[in-house]
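Participant: Below you'll find the structure I mean.
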Amino acid sequence: MGRTTLDWIVIADPTDTFTRRLFYRSDLRVSARHKTWPDGIVFKNLVTGEQRQYAQGELLTVTSTSSTSATAEEPPREGR
């Protein structure tokens with residue numbers, strides 16, 4: 001997908017700072033590494049419906065409709 005499409009929208013933000021804003025996939029990862037996101041922020045991919053939640057310094061993949069059920073995202077591989 002690269003950096004050509006803004007596919008990730010914020011669907012939940014406890015601070016309401018980023019709600020309804022669009023981001024690139026790389027923005028999610030880089031900003032998570034720099035601890036930019038507030039705990040509990042949830043992103044949704046507009047194409048696939050996949051959801052990611054930032055919590056306790058980790059970008060997690062939401063595995064069900066419950067935002068409490070999430071798994072850690074696989075770290076990016078070198079060369080991506």
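Identifiers in this document derive from the order of the structure tokens: chains are assigned A, B, ..., residues are numbered from 1 separately in each chain, and ligands are numbered from 1 in order of occurrence.
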Extract, using only C-alpha atoms, all DNA, RNA and protein residues at most 7 Å from A:Tyr24, discarding same-chain residues fewer than 5 positions from it, and format them as a list in words.
Facilitator: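 Returned residues: Arg3, Thr5, Leu6, Asp7 and Trp8 of chain A.
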Participant: Let me see the file: selected residues, N, CA and C atoms, as a tab-separated table (two decimals), in the first residue's frame.
Facilitator:
chain	number	residue	atom	x	y	z
A	3	ARG	N	2.89	4.71	1.04
A	3	ARG	CA	2.50	5.97	1.67
A	3	ARG	C	1.62	6.80	0.74
A	5	THR	N	-1.85	6.35	0.29
A	5	THR	CA	-3.26	6.49	0.65
A	5	THR	C	-3.45	6.70	2.15
A	6	LEU	N	-4.39	7.52	2.47
A	6	LEU	CA	-4.76	7.77	3.87
A	6	LEU	C	-5.89	6.81	4.22
A	7	ASP	N	-5.51	5.58	4.57
A	7	ASP	CA	-6.49	4.52	4.78
A	7	ASP	C	-6.93	4.33	6.22
A	8	TRP	N	-6.27	4.96	7.18
A	8	TRP	CA	-6.56	4.73	8.59
A	8	TRP	C	-7.25	5.94	9.20
Participant: Extract, using only C-alpha atoms, all DNA, RNA and protein residues at most 8 Å from stretch 53-65 of chain A, discarding same-chain residues fewer than 6 positions from it, and format them as an MDAnalysis selection string.
Facilitator: chainID A and resid 28:29 32:33 35 37:43 71:73
Participant: Report the distance between atom CA of A:Arg25 and atom CA of A:Asp13 in Å, rounded to one decimal place.
Facilitator: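 Going from atom CA of A:Arg25 over to atom CA of A:Asp13 covers 17.3 Å.
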